[in-house]
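Reading through the structure tokens given below for one structure.
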Amino acid sequence: MYTIKQVADKLKVTENAIRFYEKKGLMQPIRKENNYRMYQIEDISRLQMILLYRKMGFSIEAILELLKRDEKESLLDIFMKQSILLNQQIHILNEIKKSIDTCTDQMLNSNKLDESMTALLEDTASKIATMSDWTDLWNFDSWAENYDTDIRKDGDGIPFYKNYDLVIDETAKAVAKKPGKVLEIGIGTANLTNQMLKKGILKDHIVAIDASRNMLKVAKGKCPDIPMKIGTYLQIPYDPNSIDTVVSSYAFHHNNDQEKVLAVQEMDRVIGEHGRIIITDLMFASRKEREKYENSCTDKIREELQDEYFAYVDELKYILEDKDYQCKTRQIDPIMWIIVGEK
């Protein structure tokens, strides 16, 4: 048995901190007849875990949840939620720092905030709001288990997955021409990743992210050696210049027009000097071509088109070219396109 002072000395923490964790219900040491706290080995182990979680940024409420649950799935979900929050904070702080650094540099000359600086700060605030507001409107967590069978079913809606195997194969071929370090955004159930592995891309050269926890669980079951993280187009959890090829299939249309611009900026951030962005998705050559398609399709397909943010090839090319990418486009079938942007 240990006194509070002994525990504090042993773990390099203050006695007040230990009392605080007890007050919050994280610990319940034995009380002797004189009301002195006494700590067993189990209490010290528990306190070590509390201190570790605090260093990782977990809230008191989250730690309580962690300590209550022993199930692997619950623990995984909690860690994923924390990963999302930390990644979001990192991106927000980086955006704020860039704006402040720019304003500071300009103010060294003028010592006042001019209109351009105000516009920069407003743009940063808008960008942060957009990055933070993205939500999964399509509930991929509930679809993950049945995704692979559902896409094989015939329907009367958009023929999105009609040539799925061909589309995935062509995308993997494009990546394999010059892979380097590959990041797949929206790994889903890892069908593209498996094709990339079959094309000879080494497993050590592939990393992946997805916004859906359950999709990641399915993907990890198929490709246990591929590092995977929770993440989105707007908040990629990788460092600048750490990736050679960013690839995405059947996912880019989940970003609206404003988010598409920010998504390309974020992909560009993680790409190296001679990197590539490869996007395969349902697209239209132009807004005029979409209008033609809608005029000739069924009412059901027309209705489904309104539920997504399908890109226009000419506009996406412009966004990529604005970031100094040389673009090549190819139409795989009547509605599926592949765009390769290379620096």
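By convention in this document, the chains of the structure tokens carry letters A, B, ... by their order, each chain's residues are numbered from 1, and ligands are numbered from 1 in the order they are shown.
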
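Taking the backbone of this structure through DSSP, the residues of segment 32-220 of chain A that come out as strand (DSSP E or B) are Arg37, Met38, Tyr39, Val182, Leu183, Glu184, Ile185, Ile206, Val207, Ala208, Ile209 and Asp210 of chain A.
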
Note to self: Quick one: residues within 9 Å of Val261 of chain A, only C-alpha atoms, excluding same-chain residues fewer than 6 positions away - as a ChimeraX atom specification?
What the structure shows: /A:316,319-320

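Of the residues listed (A:Glu22, A:Glu294, A:Asp322, A:Asp210), A:Glu22 shows the shortest atom-to-atom separation from Ile50 of chain A; distances use only C-alpha atoms.
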
Next item on the list: Quick one: everything within 6 Å of Asn241 of chain A, counting only C-alpha atoms, minus sequence neighbours fewer than 6 positions away in the same chain. Send it as an NGL selection string.
Entry: :A and (270-272)

Next item on the list: Would you please extract all alpha helix (DSSP H) residues from segment 36-246 of chain A, as assigned by DSSP on the backbone, and give them as a PyMOL selection string?
Entry: chain A and resi 41-55+60-68+72-110+115-133+140-143+147-150+164-176+191-198+213-222

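Residue nearest Thr3 of chain A, chosen from A:Glu321, A:Asp101, A:Glu291, A:Asp43 and counting only C-alpha atoms: A:Asp43.
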
Note to self: Counting only C-alpha atoms, which residue out of A:Glu342, A:Asp314, A:Asp123, A:Asp257 sits closest to Glu273 of chain A?
What the structure shows: A:Glu342

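With distances restricted to only C-alpha atoms, A:Asp156 is the closest residue to Thr298 of chain A from A:Glu15, A:Asp225, A:Glu315, A:Asp156.
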
Notebook entry, point to check: So how many Å separate atom CA of Gln89 of chain A and atom CA of Phe252 of chain A, to one decimal?
Noted result: 23.3 Å

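If only C-alpha atoms are the atoms counted, then among A:Gly188, A:Gly180, A:Pro29, A:Gly157 the closest residue to Tyr250 of chain A is A:Gly188.
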
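If you look at atom CA of Gly275 of chain A and atom CA of Ala174 of chain A, they are 13.2 Å away from each other.
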
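Across the structure, atom CA of Glu122 of chain A and atom CA of Leu234 of chain A are spaced 18.2 Å apart.
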
Next item on the list: Would you mind listing what lies within 7 Å of Leu183 of chain A as a ChimeraX atom specification, with only C-alpha atoms counted and same-chain residues fewer than 4 positions away left out?
Entry: /A:206-208,243,245-247

Who sits within 6 Å of Val218 of chain A, only C-alpha atoms, same chain under 3 positions skipped, as a JSON list (two decimals) with all heavy atoms, in the first residue's frame:
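Final output, part_35.json:
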[["chain", "number", "residue", "atom", "x", "y", "z"],
["A", 189, "THR", "N", -13.77, -0.27, -48.92],
["A", 189, "THR", "CA", -13.54, -1.67, -48.56],
["A", 189, "THR", "C", -12.27, -2.23, -49.21],
["A", 189, "THR", "O", -12.13, -3.44, -49.39],
["A", 189, "THR", "CB", -14.75, -2.53, -48.95],
["A", 189, "THR", "OG1", -15.01, -2.37, -50.35],
["A", 189, "THR", "CG2", -15.99, -2.12, -48.15],
["A", 215, "MET", "N", -15.88, 1.38, -42.54],
["A", 215, "MET", "CA", -15.19, 1.09, -43.79],
["A", 215, "MET", "C", -13.73, 0.73, -43.50],
["A", 215, "MET", "O", -13.18, -0.21, -44.09],
["A", 215, "MET", "CB", -15.26, 2.30, -44.73],
["A", 215, "MET", "CG", -16.61, 2.50, -45.40],
["A", 215, "MET", "SD", -16.96, 1.24, -46.65],
["A", 215, "MET", "CE", -18.43, 1.92, -47.43],
["A", 221, "GLY", "N", -9.49, -5.58, -42.49],
["A", 221, "GLY", "CA", -9.65, -7.04, -42.55],
["A", 221, "GLY", "C", -9.12, -7.63, -43.84],
["A", 221, "GLY", "O", -8.59, -8.73, -43.86]]

Note to self: Using only C-alpha atoms, which protein or nucleic acid residues come within 10 Å of Ile201 of chain A? Drop anything in the same chain fewer than 2 positions from it, and give the result as a PyMOL selection string.
What the structure shows: chain A and resi 172+175-182+193-199+203-206

For the residues in the current selection, export all heavy atoms as a short mmCIF file (atom, residue, chain, number, x, y, z; two decimals), in the first residue's frame.
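Written out: part04.cif:
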data_model
loop_
_atom_site.label_atom_id
_atom_site.label_comp_id
_atom_site.auth_asym_id
_atom_site.auth_seq_id
_atom_site.Cartn_x
_atom_site.Cartn_y
_atom_site.Cartn_z
N ALA A 172 -5.92 1.59 -60.88
CA ALA A 172 -4.72 0.94 -60.35
C ALA A 172 -3.58 0.99 -61.37
O ALA A 172 -2.41 1.20 -61.00
CB ALA A 172 -5.02 -0.50 -59.97
N VAL A 175 -2.00 4.43 -61.28
CA VAL A 175 -1.14 4.59 -60.11
C VAL A 175 0.18 3.87 -60.32
O VAL A 175 1.26 4.39 -60.00
CB VAL A 175 -1.84 4.07 -58.84
CG1 VAL A 175 -0.90 4.17 -57.63
CG2 VAL A 175 -3.12 4.85 -58.57
N ALA A 176 0.12 2.65 -60.86
CA ALA A 176 1.30 1.79 -60.99
C ALA A 176 2.34 2.34 -61.96
O ALA A 176 3.51 1.93 -61.91
CB ALA A 176 0.88 0.39 -61.42
N LYS A 177 1.96 3.27 -62.83
CA LYS A 177 2.92 3.82 -63.79
C LYS A 177 4.04 4.59 -63.09
O LYS A 177 5.17 4.64 -63.58
CB LYS A 177 2.20 4.75 -64.79
CG LYS A 177 1.33 4.00 -65.79
CD LYS A 177 0.64 4.97 -66.73
CE LYS A 177 -0.22 4.22 -67.74
NZ LYS A 177 -0.94 5.15 -68.65
N LYS A 178 3.71 5.21 -61.96
CA LYS A 178 4.71 6.01 -61.24
C LYS A 178 4.22 6.18 -59.81
O LYS A 178 3.84 7.26 -59.40
CB LYS A 178 4.87 7.37 -61.92
CG LYS A 178 5.98 8.24 -61.38
CD LYS A 178 5.96 9.59 -62.10
CE LYS A 178 6.93 10.56 -61.45
NZ LYS A 178 6.85 11.91 -62.07
N PRO A 179 4.25 5.10 -59.03
CA PRO A 179 3.57 5.13 -57.72
C PRO A 179 4.27 5.96 -56.64
O PRO A 179 3.69 6.89 -56.10
CB PRO A 179 3.51 3.65 -57.33
CG PRO A 179 4.65 3.02 -58.06
CD PRO A 179 4.79 3.78 -59.35
N GLY A 180 5.54 5.61 -56.31
CA GLY A 180 6.17 6.23 -55.16
C GLY A 180 5.39 5.88 -53.90
O GLY A 180 4.86 4.78 -53.78
N LYS A 181 5.30 6.84 -52.99
CA LYS A 181 4.49 6.67 -51.79
C LYS A 181 3.05 7.04 -52.13
O LYS A 181 2.77 8.17 -52.52
CB LYS A 181 5.00 7.56 -50.66
CG LYS A 181 4.32 7.35 -49.32
CD LYS A 181 4.81 6.07 -48.66
CE LYS A 181 4.31 5.96 -47.22
NZ LYS A 181 4.80 4.76 -46.56
N VAL A 182 2.14 6.08 -51.99
CA VAL A 182 0.76 6.27 -52.44
C VAL A 182 -0.17 6.47 -51.25
O VAL A 182 -0.14 5.70 -50.29
CB VAL A 182 0.27 5.05 -53.26
CG1 VAL A 182 -1.18 5.25 -53.69
CG2 VAL A 182 1.17 4.83 -54.48
N THR A 193 -7.13 -0.72 -53.34
CA THR A 193 -5.85 -1.08 -52.71
C THR A 193 -5.42 -2.48 -53.12
O THR A 193 -4.25 -2.72 -53.44
CB THR A 193 -5.97 -1.00 -51.17
OG1 THR A 193 -6.23 0.36 -50.81
CG2 THR A 193 -4.69 -1.45 -50.50
N ASN A 194 -6.35 -3.41 -53.11
CA ASN A 194 -6.02 -4.79 -53.52
C ASN A 194 -5.54 -4.84 -54.97
O ASN A 194 -4.60 -5.57 -55.31
CB ASN A 194 -7.23 -5.70 -53.34
CG ASN A 194 -7.27 -6.35 -51.97
OD1 ASN A 194 -6.23 -6.70 -51.43
ND2 ASN A 194 -8.46 -6.49 -51.41
N GLN A 195 -6.17 -4.04 -55.84
CA GLN A 195 -5.75 -4.00 -57.23
C GLN A 195 -4.35 -3.40 -57.37
O GLN A 195 -3.54 -3.85 -58.18
CB GLN A 195 -6.74 -3.20 -58.08
CG GLN A 195 -7.97 -3.99 -58.49
CD GLN A 195 -7.61 -5.22 -59.32
OE1 GLN A 195 -7.78 -6.36 -58.87
NE2 GLN A 195 -7.10 -5.02 -60.51
N MET A 196 -4.07 -2.38 -56.57
CA MET A 196 -2.73 -1.77 -56.62
C MET A 196 -1.67 -2.78 -56.18
O MET A 196 -0.58 -2.84 -56.77
CB MET A 196 -2.68 -0.52 -55.73
CG MET A 196 -3.46 0.65 -56.30
SD MET A 196 -3.15 2.23 -55.46
CE MET A 196 -3.99 1.97 -53.89
N LEU A 197 -2.00 -3.57 -55.18
CA LEU A 197 -1.06 -4.61 -54.73
C LEU A 197 -0.83 -5.63 -55.84
O LEU A 197 0.30 -6.09 -56.06
CB LEU A 197 -1.60 -5.28 -53.47
CG LEU A 197 -1.64 -4.41 -52.21
CD1 LEU A 197 -2.40 -5.11 -51.10
CD2 LEU A 197 -0.22 -4.07 -51.73
N LYS A 198 -1.90 -5.98 -56.54
CA LYS A 198 -1.78 -6.95 -57.64
C LYS A 198 -0.95 -6.38 -58.80
O LYS A 198 -0.33 -7.14 -59.55
CB LYS A 198 -3.17 -7.34 -58.15
CG LYS A 198 -3.96 -8.21 -57.18
CD LYS A 198 -5.36 -8.50 -57.72
CE LYS A 198 -6.18 -9.32 -56.73
NZ LYS A 198 -7.56 -9.57 -57.22
N LYS A 199 -0.94 -5.05 -58.94
CA LYS A 199 -0.15 -4.42 -60.00
C LYS A 199 1.32 -4.30 -59.63
O LYS A 199 2.13 -3.77 -60.39
CB LYS A 199 -0.70 -3.02 -60.31
CG LYS A 199 -2.15 -2.98 -60.75
CD LYS A 199 -2.40 -3.70 -62.06
CE LYS A 199 -3.86 -3.59 -62.46
NZ LYS A 199 -4.22 -4.49 -63.56
N LYS A 203 3.33 -3.14 -50.48
CA LYS A 203 2.44 -2.77 -49.38
C LYS A 203 3.05 -1.68 -48.51
O LYS A 203 2.33 -0.86 -47.91
CB LYS A 203 2.11 -4.00 -48.53
CG LYS A 203 3.32 -4.64 -47.86
CD LYS A 203 2.95 -5.91 -47.12
CE LYS A 203 4.17 -6.55 -46.47
NZ LYS A 203 3.84 -7.83 -45.80
N ASP A 204 4.40 -1.63 -48.46
CA ASP A 204 5.07 -0.60 -47.66
C ASP A 204 4.95 0.78 -48.29
O ASP A 204 5.31 1.78 -47.66
CB ASP A 204 6.56 -0.94 -47.49
CG ASP A 204 6.77 -2.20 -46.67
OD1 ASP A 204 5.84 -2.58 -45.93
OD2 ASP A 204 7.84 -2.81 -46.77
N HIS A 205 4.49 0.83 -49.54
CA HIS A 205 4.39 2.09 -50.26
C HIS A 205 2.97 2.65 -50.30
O HIS A 205 2.72 3.65 -50.97
CB HIS A 205 4.91 1.93 -51.69
CG HIS A 205 6.38 1.69 -51.76
ND1 HIS A 205 7.05 1.45 -52.95
CD2 HIS A 205 7.33 1.67 -50.80
CE1 HIS A 205 8.34 1.28 -52.71
NE2 HIS A 205 8.53 1.40 -51.41
N ILE A 206 2.04 1.98 -49.62
CA ILE A 206 0.63 2.41 -49.64
C ILE A 206 0.17 2.77 -48.23
O ILE A 206 0.41 2.02 -47.28
CB ILE A 206 -0.28 1.31 -50.21
CG1 ILE A 206 0.16 0.91 -51.63
CG2 ILE A 206 -1.73 1.79 -50.23
CD1 ILE A 206 -0.62 -0.27 -52.19
#

Next item on the list: Name the closest residue to Val167 of chain A among the candidates A:Thr232, A:Thr124, A:Asn16, A:Ser249; distances are taken between atoms, counting only C-alpha atoms.
Entry: A:Ser249

Notebook entry, point to check: Can you tell me, as a count of residues only, what residues are no more than 8 Å from Gly57 of chain A when counting only C-alpha atoms, ignoring any on the same chain fewer than 3 positions away?
Noted result: 3
